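For reference, the structure discussed in these notes is given below.
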Amino acid sequence: MTTGHQVFDPPPPVISGLRQRCPRCGEGKLFKGFLGLAPACDRCGLDYGFAEPADGPAFFVMSGVGILVIAVFAWIEVVYRPPIWVHFVTVFPALIVGCLATLRPVKAWLVAAQFVTKAEEGKFESLGRHDHDPRRL
Ligand SMILES: [Zn+2]
């Protein structure tokens with residue numbers, strides 16, 4: 001029987017990201033489908049509504065995989081000078097497989113980091129008028 005006041009020891013964001021699990025309990029599934037987040041944790045009930053990684057995972061994955069694959073491509077081109085079809089059958093699949101393989105863990109990692117650091121959109125007390133204090137109405 002649960003009391004409703006469970007104490008959780010969240011795993012480090014990198015661990016829950018690599019396991020693609022809930023950032024609070026480390027056990028529930030984070031994803032529903034390939035990249036869509038589940039509405040809530042199926043173990044602890046954490047509402048995933050806070051999670052908004054936006055373009056972050058795609059940016060980091062494209063940058064990391066792109067730099068790595070293109071560096072290997074350039075090295076092979078300079079050292080071995082293979083025909084262009086070798087690059088077509090190696091570089092494009094490496095880019096696609098590399099991005100698809102790392103997108104989910106990176107997105108899960110960013111969601112876990114967002115949960116642990118309680119990151120959210122900035123909120124302003126004032127709308128910019130220097131003489132306006134929202135506490136004095
Ligand atoms: Zn959970």
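Each chain of the structure tokens is named A, B, ... in the order shown, its residues numbered from 1; ligands are numbered from 1 in display order.
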* range 29-31 of chain A: which residues within 8 Å, counting only C-alpha atoms, same-chain residues fewer than 4 positions away excluded, as a PyMOL selection string? -> chain A and resi 20-22+35-38+40-42+108
For chain A against ligand 1, with a cut-off of 7 Å and counting only C-alpha atoms and all ligand atoms, what is the closest atom pair and its distance in Å to one decimal for every residue that makes the cut, ordered by chain and number, as JSON lines?
{"residue": "A:Cys22", "atom": "CA", "partner": "ligand 1", "partner_atom_place_in_ligand_line": "1 (Zn)", "distance": 4.5}
{"residue": "A:Pro23", "atom": "CA", "partner": "ligand 1", "partner_atom_place_in_ligand_line": "1 (Zn)", "distance": 6.6}
{"residue": "A:Arg24", "atom": "CA", "partner": "ligand 1", "partner_atom_place_in_ligand_line": "1 (Zn)", "distance": 5.1}
{"residue": "A:Cys25", "atom": "CA", "partner": "ligand 1", "partner_atom_place_in_ligand_line": "1 (Zn)", "distance": 4.1}
{"residue": "A:Gly26", "atom": "CA", "partner": "ligand 1", "partner_atom_place_in_ligand_line": "1 (Zn)", "distance": 6.0}
{"residue": "A:Glu27", "atom": "CA", "partner": "ligand 1", "partner_atom_place_in_ligand_line": "1 (Zn)", "distance": 5.9}
{"residue": "A:Gly28", "atom": "CA", "partner": "ligand 1", "partner_atom_place_in_ligand_line": "1 (Zn)", "distance": 4.7}
{"residue": "A:Cys41", "atom": "CA", "partner": "ligand 1", "partner_atom_place_in_ligand_line": "1 (Zn)", "distance": 4.5}
{"residue": "A:Asp42", "atom": "CA", "partner": "ligand 1", "partner_atom_place_in_ligand_line": "1 (Zn)", "distance": 6.5}
{"residue": "A:Arg43", "atom": "CA", "partner": "ligand 1", "partner_atom_place_in_ligand_line": "1 (Zn)", "distance": 5.0}
{"residue": "A:Cys44", "atom": "CA", "partner": "ligand 1", "partner_atom_place_in_ligand_line": "1 (Zn)", "distance": 4.0}
{"residue": "A:Gly45", "atom": "CA", "partner": "ligand 1", "partner_atom_place_in_ligand_line": "1 (Zn)", "distance": 5.9}
{"residue": "A:Leu46", "atom": "CA", "partner": "ligand 1", "partner_atom_place_in_ligand_line": "1 (Zn)", "distance": 5.5}
Could you dump the residues just selected with N, CA and C atoms as an mmCIF file, in the first residue's frame?
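Dumped to out.cif:
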data_model
loop_
_atom_site.group_PDB
_atom_site.id
_atom_site.type_symbol
_atom_site.label_atom_id
_atom_site.label_comp_id
_atom_site.auth_asym_id
_atom_site.auth_seq_id
_atom_site.Cartn_x
_atom_site.Cartn_y
_atom_site.Cartn_z
ATOM 1 N N CYS A 22 12.528 7.012 -16.294
ATOM 2 C CA CYS A 22 12.007 8.160 -15.567
ATOM 3 C C CYS A 22 13.129 8.852 -14.786
ATOM 4 N N PRO A 23 13.193 10.201 -14.863
ATOM 5 C CA PRO A 23 14.257 10.898 -14.139
ATOM 6 C C PRO A 23 14.068 10.910 -12.627
ATOM 7 N N ARG A 24 12.872 10.608 -12.119
ATOM 8 C CA ARG A 24 12.665 10.627 -10.665
ATOM 9 C C ARG A 24 12.900 9.262 -10.030
ATOM 10 N N CYS A 25 12.261 8.204 -10.550
ATOM 11 C CA CYS A 25 12.402 6.886 -9.926
ATOM 12 C C CYS A 25 13.444 6.022 -10.637
ATOM 13 N N GLY A 26 13.767 6.336 -11.888
ATOM 14 C CA GLY A 26 14.758 5.567 -12.625
ATOM 15 C C GLY A 26 14.248 4.239 -13.138
ATOM 16 N N GLU A 27 12.940 3.981 -13.034
ATOM 17 C CA GLU A 27 12.401 2.683 -13.439
ATOM 18 C C GLU A 27 11.342 2.777 -14.531
ATOM 19 N N GLY A 28 10.453 3.761 -14.458
ATOM 20 C CA GLY A 28 9.356 3.863 -15.422
ATOM 21 C C GLY A 28 9.833 4.262 -16.802
ATOM 22 N N CYS A 41 5.015 8.854 -15.746
ATOM 23 C CA CYS A 41 5.767 7.638 -15.411
ATOM 24 C C CYS A 41 4.789 6.541 -15.022
ATOM 25 N N ASP A 42 5.008 5.339 -15.539
ATOM 26 C CA ASP A 42 4.113 4.226 -15.211
ATOM 27 C C ASP A 42 4.475 3.574 -13.875
ATOM 28 N N ARG A 43 5.527 4.048 -13.229
ATOM 29 C CA ARG A 43 5.901 3.502 -11.919
ATOM 30 C C ARG A 43 5.602 4.477 -10.775
ATOM 31 N N CYS A 44 6.100 5.711 -10.894
ATOM 32 C CA CYS A 44 5.939 6.659 -9.786
ATOM 33 C C CYS A 44 4.895 7.727 -10.073
ATOM 34 N N GLY A 45 4.414 7.816 -11.306
ATOM 35 C CA GLY A 45 3.362 8.767 -11.629
ATOM 36 C C GLY A 45 3.839 10.179 -11.924
ATOM 37 N N LEU A 46 5.153 10.389 -12.068
ATOM 38 C CA LEU A 46 5.666 11.723 -12.382
ATOM 39 C C LEU A 46 5.074 12.210 -13.703
#
Backbone-only DSSP, alpha helix (DSSP H) members of chain A, as a tab-separated table (two decimals) with N, CA and C atoms, in the first residue's frame:
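Wrote selection26.tsv, looks like this:
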chain	number	residue	atom	x	y	z
A	13	PRO	N	21.39	12.23	-14.17
A	13	PRO	CA	20.73	12.39	-15.47
A	13	PRO	C	21.36	11.55	-16.59
A	14	VAL	N	22.66	11.37	-16.56
A	14	VAL	CA	23.30	10.58	-17.63
A	14	VAL	C	22.84	9.13	-17.55
A	15	ILE	N	22.70	8.61	-16.33
A	15	ILE	CA	22.29	7.21	-16.17
A	15	ILE	C	20.85	7.03	-16.61
A	16	SER	N	19.94	7.86	-16.12
A	16	SER	CA	18.55	7.71	-16.54
A	16	SER	C	18.39	8.01	-18.02
A	17	GLY	N	19.26	8.86	-18.58
A	17	GLY	CA	19.21	9.13	-20.01
A	17	GLY	C	19.65	7.92	-20.82
A	18	LEU	N	20.74	7.32	-20.42
A	18	LEU	CA	21.22	6.14	-21.15
A	18	LEU	C	20.22	4.99	-21.04
A	19	ARG	N	19.55	4.87	-19.89
A	19	ARG	CA	18.56	3.80	-19.71
A	19	ARG	C	17.20	4.19	-20.26
A	56	GLY	N	16.93	20.82	-28.65
A	56	GLY	CA	18.21	20.49	-28.03
A	56	GLY	C	18.76	19.13	-28.42
A	57	PRO	N	17.98	18.05	-28.29
A	57	PRO	CA	18.52	16.74	-28.65
A	57	PRO	C	18.96	16.66	-30.10
A	58	ALA	N	18.15	17.18	-31.02
A	58	ALA	CA	18.51	17.13	-32.44
A	58	ALA	C	19.79	17.92	-32.70
A	59	PHE	N	19.92	19.08	-32.08
A	59	PHE	CA	21.12	19.89	-32.28
A	59	PHE	C	22.37	19.16	-31.81
A	60	PHE	N	22.33	18.64	-30.59
A	60	PHE	CA	23.52	17.97	-30.05
A	60	PHE	C	23.85	16.72	-30.84
A	61	VAL	N	22.83	15.95	-31.24
A	61	VAL	CA	23.08	14.71	-31.99
A	61	VAL	C	23.63	15.03	-33.37
A	62	MET	N	23.02	15.96	-34.08
A	62	MET	CA	23.51	16.32	-35.42
A	62	MET	C	24.93	16.85	-35.35
A	63	SER	N	25.21	17.69	-34.37
A	63	SER	CA	26.54	18.27	-34.26
A	63	SER	C	27.57	17.20	-33.92
A	64	GLY	N	27.29	16.40	-32.92
A	64	GLY	CA	28.25	15.39	-32.48
A	64	GLY	C	28.51	14.33	-33.52
A	65	VAL	N	27.44	13.74	-34.03
A	65	VAL	CA	27.59	12.68	-35.03
A	65	VAL	C	28.17	13.26	-36.32
A	66	GLY	N	27.72	14.43	-36.70
A	66	GLY	CA	28.22	15.06	-37.93
A	66	GLY	C	29.71	15.33	-37.86
A	67	ILE	N	30.16	15.90	-36.78
A	67	ILE	CA	31.59	16.19	-36.64
A	67	ILE	C	32.40	14.90	-36.66
A	68	LEU	N	31.95	13.90	-35.94
A	68	LEU	CA	32.69	12.64	-35.88
A	68	LEU	C	32.75	11.95	-37.24
A	69	VAL	N	31.60	11.81	-37.90
A	69	VAL	CA	31.57	11.09	-39.18
A	69	VAL	C	32.31	11.87	-40.26
A	70	ILE	N	32.16	13.17	-40.29
A	70	ILE	CA	32.85	13.95	-41.32
A	70	ILE	C	34.36	13.96	-41.07
A	71	ALA	N	34.78	13.92	-39.82
A	71	ALA	CA	36.21	13.83	-39.53
A	71	ALA	C	36.78	12.51	-40.05
A	72	VAL	N	36.06	11.41	-39.83
A	72	VAL	CA	36.52	10.12	-40.34
A	72	VAL	C	36.50	10.12	-41.87
A	73	PHE	N	35.41	10.70	-42.45
A	73	PHE	CA	35.34	10.80	-43.91
A	73	PHE	C	36.54	11.56	-44.46
A	74	ALA	N	36.87	12.70	-43.87
A	74	ALA	CA	37.98	13.51	-44.37
A	74	ALA	C	39.30	12.76	-44.23
A	75	TRP	N	39.48	12.07	-43.12
A	75	TRP	CA	40.72	11.33	-42.92
A	75	TRP	C	40.86	10.21	-43.96
A	76	ILE	N	39.77	9.47	-44.20
A	76	ILE	CA	39.82	8.40	-45.19
A	76	ILE	C	40.07	8.96	-46.59
A	77	GLU	N	39.45	10.08	-46.90
A	77	GLU	CA	39.65	10.70	-48.22
A	77	GLU	C	41.10	11.12	-48.42
A	78	VAL	N	41.68	11.73	-47.42
A	78	VAL	CA	43.06	12.22	-47.55
A	78	VAL	C	44.06	11.06	-47.60
A	79	VAL	N	43.85	10.06	-46.76
A	79	VAL	CA	44.84	8.98	-46.65
A	79	VAL	C	44.68	7.95	-47.77
A	80	TYR	N	43.43	7.51	-48.06
A	80	TYR	CA	43.22	6.39	-49.00
A	80	TYR	C	42.69	6.81	-50.37
A	84	ILE	N	34.28	7.74	-55.06
A	84	ILE	CA	33.20	8.47	-54.38
A	84	ILE	C	32.10	7.54	-53.90
A	85	TRP	N	31.86	6.43	-54.60
A	85	TRP	CA	30.78	5.53	-54.18
A	85	TRP	C	31.06	4.91	-52.81
A	86	VAL	N	32.32	4.80	-52.45
A	86	VAL	CA	32.66	4.29	-51.11
A	86	VAL	C	32.14	5.25	-50.05
A	87	HIS	N	32.29	6.53	-50.32
A	87	HIS	CA	31.77	7.51	-49.36
A	87	HIS	C	30.25	7.47	-49.29
A	88	PHE	N	29.60	7.31	-50.45
A	88	PHE	CA	28.13	7.27	-50.44
A	88	PHE	C	27.60	6.08	-49.63
A	89	VAL	N	28.24	4.95	-49.74
A	89	VAL	CA	27.73	3.76	-49.04
A	89	VAL	C	28.23	3.67	-47.60
A	90	THR	N	29.14	4.56	-47.20
A	90	THR	CA	29.60	4.51	-45.81
A	90	THR	C	29.18	5.75	-45.02
A	91	VAL	N	29.34	6.93	-45.61
A	91	VAL	CA	29.10	8.16	-44.85
A	91	VAL	C	27.61	8.36	-44.58
A	92	PHE	N	26.77	8.25	-45.60
A	92	PHE	CA	25.34	8.49	-45.38
A	92	PHE	C	24.73	7.50	-44.39
A	93	PRO	N	24.97	6.20	-44.54
A	93	PRO	CA	24.44	5.30	-43.51
A	93	PRO	C	25.00	5.58	-42.12
A	94	ALA	N	26.27	5.96	-42.05
A	94	ALA	CA	26.86	6.25	-40.74
A	94	ALA	C	26.18	7.46	-40.11
A	95	LEU	N	25.89	8.48	-40.92
A	95	LEU	CA	25.19	9.65	-40.39
A	95	LEU	C	23.78	9.29	-39.92
A	96	ILE	N	23.05	8.56	-40.74
A	96	ILE	CA	21.66	8.24	-40.40
A	96	ILE	C	21.60	7.31	-39.19
A	97	VAL	N	22.36	6.24	-39.21
A	97	VAL	CA	22.34	5.29	-38.09
A	97	VAL	C	22.87	5.95	-36.82
A	98	GLY	N	23.91	6.74	-36.94
A	98	GLY	CA	24.47	7.41	-35.77
A	98	GLY	C	23.48	8.36	-35.13
A	99	CYS	N	22.77	9.13	-35.95
A	99	CYS	CA	21.79	10.07	-35.40
A	99	CYS	C	20.60	9.33	-34.78
A	100	LEU	N	20.09	8.32	-35.49
A	100	LEU	CA	18.92	7.61	-34.95
A	100	LEU	C	19.27	6.83	-33.68
A	101	ALA	N	20.49	6.33	-33.60
A	101	ALA	CA	20.87	5.54	-32.43
A	101	ALA	C	21.08	6.40	-31.19
A	102	THR	N	21.46	7.65	-31.37
A	102	THR	CA	21.77	8.48	-30.20
A	102	THR	C	20.68	9.48	-29.84
A	103	LEU	N	19.67	9.63	-30.69
A	103	LEU	CA	18.66	10.66	-30.44
A	103	LEU	C	17.85	10.38	-29.16
A	104	ARG	N	17.41	9.16	-28.97
A	104	ARG	CA	16.61	8.84	-27.77
A	104	ARG	C	17.40	9.00	-26.48
A	105	PRO	N	18.60	8.44	-26.36
A	105	PRO	CA	19.35	8.64	-25.11
A	105	PRO	C	19.66	10.11	-24.82
A	106	VAL	N	19.98	10.87	-25.85
A	106	VAL	CA	20.28	12.29	-25.63
A	106	VAL	C	19.03	13.04	-25.20
A	107	LYS	N	17.89	12.73	-25.81
A	107	LYS	CA	16.64	13.39	-25.40
A	107	LYS	C	16.30	13.01	-23.96
A	108	ALA	N	16.45	11.74	-23.62
A	108	ALA	CA	16.17	11.30	-22.25
A	108	ALA	C	17.13	11.96	-21.26
A	109	TRP	N	18.36	12.12	-21.64
A	109	TRP	CA	19.35	12.78	-20.78
A	109	TRP	C	18.96	14.24	-20.55
A	110	LEU	N	18.57	14.94	-21.59
A	110	LEU	CA	18.19	16.35	-21.43
A	110	LEU	C	16.92	16.49	-20.59
A	111	VAL	N	15.97	15.58	-20.76
A	111	VAL	CA	14.76	15.64	-19.93
A	111	VAL	C	15.13	15.38	-18.47
A	112	ALA	N	16.01	14.42	-18.22
A	112	ALA	CA	16.43	14.14	-16.84
A	112	ALA	C	17.18	15.32	-16.25
A	113	ALA	N	18.04	15.95	-17.05
A	113	ALA	CA	18.76	17.13	-16.55
A	113	ALA	C	17.79	18.27	-16.27
A	114	GLN	N	16.77	18.40	-17.10
A	114	GLN	CA	15.75	19.42	-16.87
A	114	GLN	C	15.00	19.15	-15.57
A	115	PHE	N	14.72	17.89	-15.28
A	115	PHE	CA	14.02	17.53	-14.04
A	115	PHE	C	14.90	17.79	-12.82
A	116	VAL	N	16.14	17.37	-12.89
A	116	VAL	CA	17.04	17.49	-11.73
A	116	VAL	C	17.33	18.96	-11.42
A	117	THR	N	17.55	19.76	-12.46
A	117	THR	CA	17.89	21.17	-12.23
A	117	THR	C	16.66	22.06	-12.13
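From CA of Glu120 in chain A back to CA of Ala54 in chain A, the distance works out to 11.9 Å.
When CA of Pro11 in chain A is paired with CA of Gly122 in chain A, their separation reads 25.8 Å.
Taking CA of Pro53 in chain A as the reference point, CA of Ala119 in chain A is found at 10.2 Å.
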* To do: Go through chain A and collect every residue that DSSP, computed from the backbone, puts in strand (DSSP E or B); the answer should be as a PyMOL selection string.
  => chain A and resi 21+29+31+37+40+47
